[in-house]
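Accompanying notes for the structure given below.
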Amino acid sequence: MPRTSLHAEIDKLRQEIEALHRKASPEVTAAAAPPPPGEAGLEGQVAELGRLVQSMLESAEETVADHPVATVAGALALGMVIGRLSAR
């Protein structure tokens, strides 16, 4: 293919894409747009998950510190149940 026909083909494809973009509904256009800076993308979701896990760990540490005997008894009971289930 000559170089000019490639450029012509690319220009034609660009025109078709622009025409489709103009016909697209507002929902499609909004979905194709990048998220606003304040909203969470994948990085924001990972950061939020990290904060949630940290908060849960702190809560667990506080519970263990407040009730050490109950925590050890619960861990022992859970270990016995898992041992029984895995022995079958």
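Ligands are numbered from 1 in the order shown, residues from 1 within each chain, and chains are lettered A, B, ... in the order they appear in the structure tokens.
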
Picked from chain A by DSSP as alpha helix (DSSP H), as number ranges by chain: A: 3-23, 26-32, 42-66, 68-87
